[in-house]
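Peer 1: Quick one: the structure is below, and I'll ask about it shortly.
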Amino acid sequence: MPAVSVSDITVLPRVSEAPNARARTVKSITTAPQGFEGEGFPVRRAFAGVDLAELDPFIHLDQMGEVEYAPGEPKGTPWHPHRGFETVTYIIDGIFDHQDNNGGGGRISDGDTQWMTAGAGILHIETPPESLVMSGGLFHGFQLWVNLPAAKKWSPPAYQDVRAKDVALLSSSDGGSLIRVIAGEVDGHAGPGTTQTPITLIHATIAAGAELRLPWRRDYNALVYTMAGHGFVGDEERPVHTGQLTVFGDGDTIVVRAANNQESRSPEMDLFILGGAPIKEPVAWMGPFVMNTKREVLQAFEDFQKGLLGSIPANYKEDAKKPLNRSGAGAKLGADSKPTDVLDVHGAPRDIQQG
């Protein structure tokens, strides 16, 4: 069960159903490929196979887990760079530590979110705490990459914590869905996350047999990833299941109905719902850098090698001696690093993607 839940959903504010609202049509449904990253970290690449233009302003989305770790198994990332976008790490169950060379970071767990603006450039590390490594336990979360417009790609790095207790909790009009607003706004109810790019980010849980009709800004795109359970999307009632992404077309309302019968392991349908104002600028993306042109991406690699994205804090210098990739391959993080040494940290493209 997700960490952020309520004992009585009927006491929550309810989203309204606007009269004459038009349901968004279903444009596509894709299935995220499953795999293991590096040392065995299970992920689903939620955006795989979807054109960047359909995702704009989003770039990348990983479902991390759900996995029950044995003692000694939890994995994280080594120190690595980013430039040109924001990373959003949402932990549904489990614990994660984050540190960056800009002084940001901390521990998040059970419904917390880390929001990091890489901007002009940053180095950071994401790891489970030593206590979790020793004990093992449940881990489940998401990492989302949100693009920045050209005018903000060179902004100073920044970091914010979004705590589970601050997330806006709403109910659907029929009381059958719990809606957690992490960022943005739904029906006049705002989440705590502050975003550089205008977006809305939601985790919704729909009871078996219930239908969620969620009002959605017409100028935002609409993406719904099924993280658990199965049901139907749109008024067309197209079937979806765990690990599938629905891209919706134009309209006023996102419609999802949970199937009457769910698996005992996932008695409800859980959704990661996101949308934003498309930036409509060229995208060039390779590894940990998301820029507007190929030249800017190559410049980011060069700046990283020169140390212009910063250095690892002194109390973490030993980490610089470790291999950069989770698989154990790669060189030390420093001036002698090669561009290929940072390509596999998040399973990002090893060749430049343009859109």
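Chain identifiers are assigned as A, B, and so on, following the order in which chains appear in the structure tokens; residues are numbered from 1 within each chain, and ligands are numbered from 1 in order of appearance.
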Hey, what's within 10 Å of stretch 14-16 of chain A if we count only C-alpha atoms and toss same-chain stuff fewer than 5 positions away? As a list in words, please?
Peer 2: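 Answer for this query is Ile9, Leu169, Leu170, Ser171, Ser172, Ser173, Asp174, Gly175, Ser177, Leu178, Ile179, Val186, Asp187, Gly188, His189, Leu212, Arg213, Leu214 and Pro215 of chain A.
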Peer 1: Report as a ChimeraX atom specification all protein, DNA and RNA residues lying within 12 Å of A:Ala151, evaluated on only C-alpha atoms, omitting residues in the same chain fewer than 5 positions from it.
Peer 2: /A:84-85,119-120,156,196-197,279,281,291-292
Peer 1: In terms of the shortest atom-to-atom distance over only C-alpha atoms, which of A:Pro282, A:Pro157, A:Gly347, A:Pro33 is closest to A:Gly310?
Peer 2: A:Pro157
Peer 1: If you run DSSP on the backbone here, which positions in stretch 97-335 of chain A get strand (DSSP E)? Please write them as a ChimeraX atom specification.
Peer 2: /A:97-100,105-109,113-117,122-127,137-147,158-162,168-171,177-183,185-186,189-190,199-206,211-215,222-228,230-233,238-241,244-248,253-258,269-276,284-286,289-291
Peer 1: Looking at only C-alpha atoms, which of A:Ser266, A:Ser109, A:Asn260, A:Thr253 is the one that sits closest to A:Ala228?
Peer 2: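 The answer is A:Ser266, which sits nearest to A:Ala228.
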Peer 1: Could you list, as a VMD selection string, every residue within 8 Å of stretch 241-244 of chain A, counting only C-alpha atoms and ignoring same-chain residues fewer than 6 positions away?
Peer 2: chain A and resid 29 to 32 44 46 225 to 231
Peer 1: List the neighbours of A:Val224 out to 6 Å using only C-alpha atoms; skip same-chain residues closer than 5 positions along the sequence, and give me the result as a PDB file with C-alpha atoms, in the first residue's frame.
Peer 2:
```pdb
ATOM      1  CA  LEU A 245       1.541   4.646 -20.508  1.00  0.00           C
ATOM      2  CA  THR A 246      -1.538   6.325 -21.968  1.00  0.00           C
ATOM      3  CA  PHE A 272       1.116   8.414 -12.032  1.00  0.00           C
ATOM      4  CA  ILE A 273      -0.598  11.317 -13.819  1.00  0.00           C
TER       5      ILE A 273
END
```
Peer 1: Using only C-alpha atoms, which of A:Ile254, A:Leu271, A:Val290, A:Val240 sits nearest A:Glu17?
Peer 2: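 Between A:Ile254, A:Leu271, A:Val290, A:Val240, the residue approaching A:Glu17 most closely is A:Ile254.
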Peer 1: Go ahead and compute the interatomic distance for atom CA of A:Arg238 and atom CA of A:Ser28, in Å to one decimal.
Peer 2: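 Those two atoms sit 10.0 Å apart.
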Peer 1: Do a neighbour search on A:Val133 at 12 Å with only C-alpha atoms, toss out local chain neighbours closer than 4 positions, and write the hits as a VMD selection string.
Peer 2: chain A and resid 68 to 76 94 to 97 127 to 129 137 to 139
